[in-house]
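Notes follow once the structure below has been shown.
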Amino acid sequence: MSSLFGLIDRIRKSSNPPGAKPSPGSKPLKFGVLGAADIAPTALIVPVKSHPEAVVYAIAARNKDKAAAFARKHGIAKVFGGVNGYQELLDDPEIDAIYNPLPNGLHYEWTMKALAAGKHVLLEKPSSNTAADTRRMFEFAESRNLVLLEAYHSRFHPAVLRVKAIIDSGELGAVKSTSTGLALPRGMIKSAADNIRFDFKLGGGALMDMGSYAINAMRYFTAANPTSVVSVDHELKSPKIDRKTVASFSLPNSVTSTIFCDLEEPPSLGFIPAMPNLNAIIKCEKGEIKGAKSQLFDNSQLMNYVAPTQYHAITVKIGNKNRTEKAYTLPDLGEPWWTSYRYQLEAFPHAWVMPEESVRTMEVIESVYVKGGLGSRPGSDYVHH
Ligand SMILES: NC(=O)C1=CN([C@@H]2O[C@H](COP(=O)(O)OP(=O)(O)OC[C@H]3O[C@@H](n4cnc5c(N)ncnc54)[C@H](OP(=O)(O)O)[C@@H]3O)[C@@H](O)[C@H]2O)C=CC1
Ligand SMILES: O=C1OC[C@@H](O)[C@H](O)[C@H]1O
């Protein structure tokens with residue numbers, strides 16, 4: 001019962017966090033947001049409320065009325081709109097950092113423009129449509145001495161860090177195989193034709209959207225990159241857009257990994273709704289970790305390494321001994337209700353993740369698309385001078 005109260009309390013406080021006041025004399029980091037994107041409240045606006053040293057100061061949307069309505073709803077001071085709205089926001093000298101939640105195919109152009117304007121950038125995942133564009137962005141950020149952080153938020157949650165620490169401690173021996181994925185039942189994401197996830201040029205596809213988490217987690221937990229893509233199965237939504245992808249990889253030291261993703265998993269037998277599947281299973285020489293397993297579905301395969309704040313349990317199996325751990329906070333940081341996005345803010349702008357990570361993840365995404373015959377999503381046609 002206490003875990004049910006804990007769950008309710010975490011959900012309540014994470015969606016309506018207690019406000020934090022800046023310490024006297026401090027100058028909070030001012031964010032500007034490019035686009036009134038659906039994810040912006042969850043990923044930035046709400047988590048910032050409990051951060052004493054950050055504030056969301058400005059919003060730009062292509063339509064000024066939309067930007068103004070968004071600003072009113074979220075208490076944002078400054079509004080930009082119209083065809084020059086994004087650039088005007090970037091040029092605002094009050095703004096220190098940009099949050100870029102534009103469609104994947106526009107990440108490159110607007111991140112380059114933000115960096116050119118001298119702003120740090122928190123960039124939504126996946127970093128862009130191609131590894132080449134991603135590399136250029138990180139090189140440019142470095143040359144400008146600015147922080148660019150790709151927002152794989154779950155990487156900052158204590159539960160995910162704890163699983164990694166258990167692996168690194170060696171108590172389970174070497175990693176032998178991993179299975180990581182993210183698949184949601186049909187109906188959970190908007191199926192409208194204008195959903196950016198179904199647009200090839202904008203960087204759509206299940207692998208870009210959800211498989212990118214699976215690939216990032218595979219690389220993180222194995223601390224390695226695939227040496228080859230062994231197999232790829234796509235189920236298509238439209239000619240170049242995968243609704244579902246399953247891929248398997250060989251990694252160094254005989255490690256094998258599989259990843260899966262599905263934007264709209266259909267009901268079984270046509271009527272039994274699928275369950276969300278956010279599994280991370282890491283098998284090691286001496287045991288097995290089932291990362292961030294759901295409290296609500298104990299002993300099942302349902303896990304939640306993507307959004308562990310709501311519920312998780314890390315199950316460590318060695319032989320026939322099981323132990324379960326939870327990690328909602330770090331020893332010296334956090335509150336149980338802090339979401340992965342809130343932890344991510346602690347890493348910005350002091351990026352905990354190396355730029356090479358983002359480039360490698362994009363390389364793996366592209367290699368799966370190439371092997372599966374769909375080809376990479378198109379690189380940006382924006383030319384940076
Ligand atoms: N970290 C996370 O948990 C999540 C991350 N994401 C990532 O965030 C990004 C945005 O996703 P999401 O919020 O779901 O997407 P939305 O479609 O809600 O937002 C995208 C925004 O891009 C702007 N935009 C500019 N040009 C275009 C164009 N040509 N077509 C469509 N939109 C355009 C729109 O802004 P305007 O208001 O100016 O019209 C829109 O608000 C993606 O990179 C996605 O992968 C998404 C969900 C979860
Ligand atoms: O980043 C994401 O995380 C959760 C998914 O629902 C979403 O489609 C994706 O963009």
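Naming works like this for the structure tokens: A, B, ... for the chains as they're shown, residue 1 at the start of each chain, ligands 1 onward in shown order.
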Give me, as a list in words, the residues of range 41-76 of chain A that a backbone DSSP run labels strand (DSSP E or B).
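Filtering range 41-76 of chain A down to strand (DSSP E or B) leaves Ala54, Val55, Val56, Tyr57, Ala58, Ile59, Ala60 and Ala61 of chain A.
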List as a list in words the protein and nucleic acid residues lying within 6 Å of ligand 1, with only C-alpha atoms and all ligand atoms counted.
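My answer, listing the contacting residues, is Gly35, Ala36, Ala37, Asp38, Ile39, Ala43, Ala61, Arg62, Pro101, Leu102, Pro103, Asn104, Glu124, Lys125, Pro126, Ala151, Ile196 and Asp209 of chain A.
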Please check which protein, DNA or RNA residues sit within 8 Å of ligand 2, counting only C-alpha atoms and all ligand atoms, and write them as a PyMOL selection string.
chain A and resi 125+184+188-189+197+209-210+213+263+306
Written selection (N, CA and C atoms) as a PDB file, in the first residue's frame:
```pdb
ATOM      1  N   LYS A 125      16.010  14.619 -28.538  1.00  0.00           N
ATOM      2  CA  LYS A 125      16.518  13.414 -29.179  1.00  0.00           C
ATOM      3  C   LYS A 125      15.639  13.050 -30.359  1.00  0.00           C
ATOM      4  N   LEU A 184       4.776   1.258 -27.787  1.00  0.00           N
ATOM      5  CA  LEU A 184       3.525   1.719 -27.181  1.00  0.00           C
ATOM      6  C   LEU A 184       2.340   1.188 -27.968  1.00  0.00           C
ATOM      7  N   MET A 188      -1.720   5.506 -28.266  1.00  0.00           N
ATOM      8  CA  MET A 188      -1.018   6.343 -27.265  1.00  0.00           C
ATOM      9  C   MET A 188      -0.343   7.550 -27.900  1.00  0.00           C
ATOM     10  N   ILE A 189       0.142   7.421 -29.122  1.00  0.00           N
ATOM     11  CA  ILE A 189       0.647   8.624 -29.787  1.00  0.00           C
ATOM     12  C   ILE A 189      -0.380   9.062 -30.818  1.00  0.00           C
ATOM     13  N   ARG A 197       6.270  12.273 -36.510  1.00  0.00           N
ATOM     14  CA  ARG A 197       6.857  10.920 -36.501  1.00  0.00           C
ATOM     15  C   ARG A 197       6.596  10.149 -37.798  1.00  0.00           C
ATOM     16  N   ASP A 209      12.311   7.799 -33.408  1.00  0.00           N
ATOM     17  CA  ASP A 209      11.553   8.338 -32.286  1.00  0.00           C
ATOM     18  C   ASP A 209      11.766   7.528 -31.007  1.00  0.00           C
ATOM     19  N   MET A 210      11.535   6.218 -31.095  1.00  0.00           N
ATOM     20  CA  MET A 210      11.564   5.382 -29.884  1.00  0.00           C
ATOM     21  C   MET A 210      12.767   4.457 -29.863  1.00  0.00           C
ATOM     22  N   TYR A 213      16.015   5.587 -28.121  1.00  0.00           N
ATOM     23  CA  TYR A 213      16.232   5.307 -26.688  1.00  0.00           C
ATOM     24  C   TYR A 213      16.862   3.920 -26.514  1.00  0.00           C
ATOM     25  N   LEU A 263       5.673   2.332 -32.720  1.00  0.00           N
ATOM     26  CA  LEU A 263       4.903   3.553 -32.462  1.00  0.00           C
ATOM     27  C   LEU A 263       3.435   3.259 -32.184  1.00  0.00           C
ATOM     28  N   VAL A 306      12.570   3.971 -19.271  1.00  0.00           N
ATOM     29  CA  VAL A 306      12.482   5.267 -19.956  1.00  0.00           C
ATOM     30  C   VAL A 306      11.950   6.357 -19.010  1.00  0.00           C
TER      31      VAL A 306
END
```
Would you list the contacts of His51 in chain A as a list in words, taking every protein, DNA or RNA residue within 12 Å and counting only C-alpha atoms, but skipping same-chain residues closer than 3 positions in sequence?
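Skipping anything fewer than 3 positions along the chain leaves Pro17, Pro18, Gly19, Ala20, Lys21, Pro22, Ser23, Pro28, Leu29, Lys30, Leu44, Ile45, Val46, Pro47, Val48, Ala54, Val55, Val56, Gly334, Glu335, Trp338, Tyr341, Arg342, Tyr343, Gln344, Leu345, Glu346 and Phe348 of chain A.
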How would the residues just chosen look if you wrote them out with N, CA and C atoms as a PDB file, in the first residue's frame?
```pdb
ATOM      1  N   PRO A  17       5.180  20.550  -9.322  1.00  0.00           N
ATOM      2  CA  PRO A  17       6.249  20.570  -8.320  1.00  0.00           C
ATOM      3  C   PRO A  17       6.223  21.809  -7.448  1.00  0.00           C
ATOM      4  N   PRO A  18       6.697  21.671  -6.209  1.00  0.00           N
ATOM      5  CA  PRO A  18       6.836  22.861  -5.379  1.00  0.00           C
ATOM      6  C   PRO A  18       7.809  23.825  -6.043  1.00  0.00           C
ATOM      7  N   GLY A  19       7.483  25.109  -6.005  1.00  0.00           N
ATOM      8  CA  GLY A  19       8.344  26.109  -6.662  1.00  0.00           C
ATOM      9  C   GLY A  19       9.654  26.287  -5.893  1.00  0.00           C
ATOM     10  N   ALA A  20      10.668  26.714  -6.608  1.00  0.00           N
ATOM     11  CA  ALA A  20      11.953  26.978  -5.943  1.00  0.00           C
ATOM     12  C   ALA A  20      12.309  28.435  -6.163  1.00  0.00           C
ATOM     13  N   LYS A  21      12.831  29.058  -5.114  1.00  0.00           N
ATOM     14  CA  LYS A  21      13.206  30.482  -5.236  1.00  0.00           C
ATOM     15  C   LYS A  21      14.709  30.578  -5.477  1.00  0.00           C
ATOM     16  N   PRO A  22      15.131  31.441  -6.411  1.00  0.00           N
ATOM     17  CA  PRO A  22      16.576  31.606  -6.608  1.00  0.00           C
ATOM     18  C   PRO A  22      17.230  32.176  -5.357  1.00  0.00           C
ATOM     19  N   SER A  23      18.456  31.775  -5.098  1.00  0.00           N
ATOM     20  CA  SER A  23      19.130  32.349  -3.926  1.00  0.00           C
ATOM     21  C   SER A  23      19.430  33.823  -4.211  1.00  0.00           C
ATOM     22  N   PRO A  28      19.442  33.460 -12.525  1.00  0.00           N
ATOM     23  CA  PRO A  28      19.024  32.183 -13.103  1.00  0.00           C
ATOM     24  C   PRO A  28      19.321  32.101 -14.600  1.00  0.00           C
ATOM     25  N   LEU A  29      19.585  30.882 -15.052  1.00  0.00           N
ATOM     26  CA  LEU A  29      19.789  30.623 -16.476  1.00  0.00           C
ATOM     27  C   LEU A  29      18.443  30.826 -17.177  1.00  0.00           C
ATOM     28  N   LYS A  30      18.437  31.678 -18.218  1.00  0.00           N
ATOM     29  CA  LYS A  30      17.168  31.970 -18.905  1.00  0.00           C
ATOM     30  C   LYS A  30      17.065  31.138 -20.176  1.00  0.00           C
ATOM     31  N   LEU A  44      10.700  20.441 -20.045  1.00  0.00           N
ATOM     32  CA  LEU A  44      11.423  21.621 -19.557  1.00  0.00           C
ATOM     33  C   LEU A  44      10.603  22.506 -18.618  1.00  0.00           C
ATOM     34  N   ILE A  45       9.394  22.890 -19.085  1.00  0.00           N
ATOM     35  CA  ILE A  45       8.684  23.965 -18.372  1.00  0.00           C
ATOM     36  C   ILE A  45       8.323  23.552 -16.939  1.00  0.00           C
ATOM     37  N   VAL A  46       7.789  22.343 -16.776  1.00  0.00           N
ATOM     38  CA  VAL A  46       7.421  21.890 -15.421  1.00  0.00           C
ATOM     39  C   VAL A  46       8.670  21.613 -14.576  1.00  0.00           C
ATOM     40  N   PRO A  47       9.654  20.858 -15.089  1.00  0.00           N
ATOM     41  CA  PRO A  47      10.855  20.610 -14.260  1.00  0.00           C
ATOM     42  C   PRO A  47      11.583  21.886 -13.834  1.00  0.00           C
ATOM     43  N   VAL A  48      11.562  22.899 -14.678  1.00  0.00           N
ATOM     44  CA  VAL A  48      12.264  24.149 -14.323  1.00  0.00           C
ATOM     45  C   VAL A  48      11.655  24.796 -13.075  1.00  0.00           C
ATOM     46  N   ALA A  54      17.077  28.262 -12.734  1.00  0.00           N
ATOM     47  CA  ALA A  54      16.683  28.277 -14.149  1.00  0.00           C
ATOM     48  C   ALA A  54      15.264  28.807 -14.285  1.00  0.00           C
ATOM     49  N   VAL A  55      15.005  29.429 -15.426  1.00  0.00           N
ATOM     50  CA  VAL A  55      13.666  29.950 -15.691  1.00  0.00           C
ATOM     51  C   VAL A  55      13.387  29.836 -17.195  1.00  0.00           C
ATOM     52  N   VAL A  56      12.127  29.517 -17.552  1.00  0.00           N
ATOM     53  CA  VAL A  56      11.769  29.549 -18.974  1.00  0.00           C
ATOM     54  C   VAL A  56      11.247  30.959 -19.248  1.00  0.00           C
ATOM     55  N   GLY A 334      18.429  15.223  -5.412  1.00  0.00           N
ATOM     56  CA  GLY A 334      17.134  14.818  -5.930  1.00  0.00           C
ATOM     57  C   GLY A 334      16.070  14.588  -4.885  1.00  0.00           C
ATOM     58  N   GLU A 335      14.860  14.408  -5.382  1.00  0.00           N
ATOM     59  CA  GLU A 335      13.681  14.084  -4.586  1.00  0.00           C
ATOM     60  C   GLU A 335      13.014  12.916  -5.297  1.00  0.00           C
ATOM     61  N   TRP A 338      11.310  13.774  -8.512  1.00  0.00           N
ATOM     62  CA  TRP A 338      12.030  14.365  -9.644  1.00  0.00           C
ATOM     63  C   TRP A 338      11.953  13.421 -10.839  1.00  0.00           C
ATOM     64  N   TYR A 341      13.619  14.257 -16.517  1.00  0.00           N
ATOM     65  CA  TYR A 341      13.836  15.587 -17.119  1.00  0.00           C
ATOM     66  C   TYR A 341      14.382  16.555 -16.071  1.00  0.00           C
ATOM     67  N   ARG A 342      13.921  16.385 -14.830  1.00  0.00           N
ATOM     68  CA  ARG A 342      14.412  17.262 -13.751  1.00  0.00           C
ATOM     69  C   ARG A 342      15.880  16.951 -13.446  1.00  0.00           C
ATOM     70  N   TYR A 343      16.202  15.658 -13.411  1.00  0.00           N
ATOM     71  CA  TYR A 343      17.618  15.302 -13.212  1.00  0.00           C
ATOM     72  C   TYR A 343      18.461  15.821 -14.369  1.00  0.00           C
ATOM     73  N   GLN A 344      17.903  15.739 -15.573  1.00  0.00           N
ATOM     74  CA  GLN A 344      18.635  16.208 -16.756  1.00  0.00           C
ATOM     75  C   GLN A 344      19.043  17.674 -16.608  1.00  0.00           C
ATOM     76  N   LEU A 345      18.154  18.456 -15.971  1.00  0.00           N
ATOM     77  CA  LEU A 345      18.471  19.885 -15.797  1.00  0.00           C
ATOM     78  C   LEU A 345      19.716  20.095 -14.946  1.00  0.00           C
ATOM     79  N   GLU A 346      19.973  19.151 -14.039  1.00  0.00           N
ATOM     80  CA  GLU A 346      21.187  19.269 -13.218  1.00  0.00           C
ATOM     81  C   GLU A 346      22.437  19.091 -14.080  1.00  0.00           C
ATOM     82  N   PHE A 348      22.722  20.234 -17.070  1.00  0.00           N
ATOM     83  CA  PHE A 348      22.783  21.287 -18.077  1.00  0.00           C
ATOM     84  C   PHE A 348      22.968  22.630 -17.400  1.00  0.00           C
TER      85      PHE A 348
END
```
I'd like the neighbourhood of Lys119 in chain A as a PyMOL selection string, where a residue qualifies if any of its atoms comes within 9 Å (using only C-alpha atoms), though same-chain residues fewer than 4 positions away should be ignored.
chain A and resi 90+95-98+114-115+146-147
Just write the chosen residues, C-alpha atoms, as an mmCIF file, in the first residue's frame.
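See selection_2.cif below for the written result:
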```cif
data_model
loop_
_atom_site.group_PDB
_atom_site.id
_atom_site.type_symbol
_atom_site.label_atom_id
_atom_site.label_comp_id
_atom_site.auth_asym_id
_atom_site.auth_seq_id
_atom_site.Cartn_x
_atom_site.Cartn_y
_atom_site.Cartn_z
ATOM 1 C CA LEU A 90 17.745 33.454 -30.707
ATOM 2 C CA ILE A 95 18.452 34.456 -23.257
ATOM 3 C CA ASP A 96 21.296 32.166 -22.150
ATOM 4 C CA ALA A 97 20.129 28.775 -23.399
ATOM 5 C CA ILE A 98 17.828 27.347 -26.036
ATOM 6 C CA ALA A 114 21.321 28.939 -31.775
ATOM 7 C CA LEU A 115 25.018 28.200 -31.313
ATOM 8 C CA LEU A 146 29.103 26.331 -25.700
ATOM 9 C CA VAL A 147 27.302 23.343 -24.203
#
```
Name the residues in contact with Gly319 in chain A at a cut-off of 12 Å, using only C-alpha atoms, excluding same-chain residues fewer than 3 positions from it; report them as a short mmCIF file (atom, residue, chain, number, x, y, z; two decimals) with N, CA and C atoms, in the first residue's frame.
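Once everything was written out, this is part_19.cif:
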```cif
data_model
loop_
_atom_site.label_atom_id
_atom_site.label_comp_id
_atom_site.auth_asym_id
_atom_site.auth_seq_id
_atom_site.Cartn_x
_atom_site.Cartn_y
_atom_site.Cartn_z
N LEU A 172 28.17 -8.97 -11.22
CA LEU A 172 27.46 -9.92 -12.09
C LEU A 172 28.35 -10.49 -13.19
N LYS A 283 21.74 -9.30 -19.49
CA LYS A 283 22.19 -10.60 -18.99
C LYS A 283 23.70 -10.57 -18.87
N CYS A 284 24.16 -11.03 -17.71
CA CYS A 284 25.60 -11.01 -17.44
C CYS A 284 26.07 -12.44 -17.15
N GLU A 285 27.38 -12.62 -17.09
CA GLU A 285 27.94 -13.96 -16.86
C GLU A 285 27.34 -14.65 -15.64
N LYS A 286 27.22 -13.87 -14.54
CA LYS A 286 26.80 -14.51 -13.28
C LYS A 286 25.35 -14.25 -12.93
N GLY A 287 24.67 -13.47 -13.68
CA GLY A 287 23.30 -13.15 -13.28
C GLY A 287 22.62 -12.30 -14.32
N GLU A 288 21.59 -11.64 -13.90
CA GLU A 288 20.76 -10.90 -14.86
C GLU A 288 20.18 -9.69 -14.14
N ILE A 289 20.15 -8.55 -14.82
CA ILE A 289 19.47 -7.39 -14.24
C ILE A 289 18.24 -7.11 -15.08
N VAL A 316 17.81 -7.78 -9.44
CA VAL A 316 19.11 -8.38 -9.74
C VAL A 316 19.00 -9.86 -9.40
N ASN A 322 17.35 -13.54 -5.69
CA ASN A 322 16.84 -12.28 -6.27
C ASN A 322 16.98 -11.16 -5.27
N ARG A 323 17.35 -9.98 -5.71
CA ARG A 323 17.17 -8.83 -4.82
C ARG A 323 16.59 -7.68 -5.65
#
```
10 Å contact set for Gly373 in chain A, only C-alpha atoms, chain neighbours under 5 positions out, as an mmCIF file with C-alpha atoms, in the first residue's frame:
```cif
data_model
loop_
_atom_site.group_PDB
_atom_site.id
_atom_site.type_symbol
_atom_site.label_atom_id
_atom_site.label_comp_id
_atom_site.auth_asym_id
_atom_site.auth_seq_id
_atom_site.Cartn_x
_atom_site.Cartn_y
_atom_site.Cartn_z
ATOM 1 C CA VAL A 232 16.627 -5.879 -39.140
ATOM 2 C CA ASP A 233 12.863 -6.314 -39.425
ATOM 3 C CA HIS A 234 10.692 -3.341 -40.200
ATOM 4 C CA LYS A 240 9.914 4.960 -45.806
ATOM 5 C CA SER A 367 23.224 1.622 -39.986
ATOM 6 C CA VAL A 368 19.954 -0.091 -39.028
#
```
Residue nearest His384 in chain A among A:Val83, A:Met112, A:Ile167, A:Leu7 (counting only C-alpha atoms)
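The answer is A:Met112, which sits nearest to His384 in chain A.
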Please give the complete set of residues from range 84-253 of chain A that DSSP, run on the backbone, assigns to alpha helix (DSSP H), formatted as a VMD selection string.
chain A and resid 85 to 91 104 to 116 131 to 143 158 to 169 206 212 to 222
Tell me which protein, DNA and RNA residues are within 9 Å of Ala274 in chain A, counting only C-alpha atoms, leaving out same-chain ones fewer than 5 positions away, and put them as a count of residues only.
7
Could you check the closest approach to Ile76 in chain A for each of A:Val383, A:Ile59, A:Ala132, A:Leu148 and tell me which residue wins, using only C-alpha atoms?
A:Ile59
Rounded to one decimal place, report the CA of Lys27 in chain A-CA of Ala58 in chain A distance in Å.
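Between these atoms lies a distance of 16.1 Å.
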Between A:Gly105, A:Gly187, A:Gly170, A:Gly82, which one has atoms that come closest to Met275 in chain A, using only C-alpha atoms?
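Nearest to Met275 in chain A: A:Gly187.
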To one decimal in Å, tell me the separation between CA of Ile282 in chain A and CA of Ile11 in chain A.
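That distance, rounded to one decimal, is 27.5 Å.
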Considering only C-alpha atoms, state which residue in the set A:Val353, A:Ile365, A:Ala224, A:Cys261 is at the smallest distance from Glu150 in chain A.
A:Val353
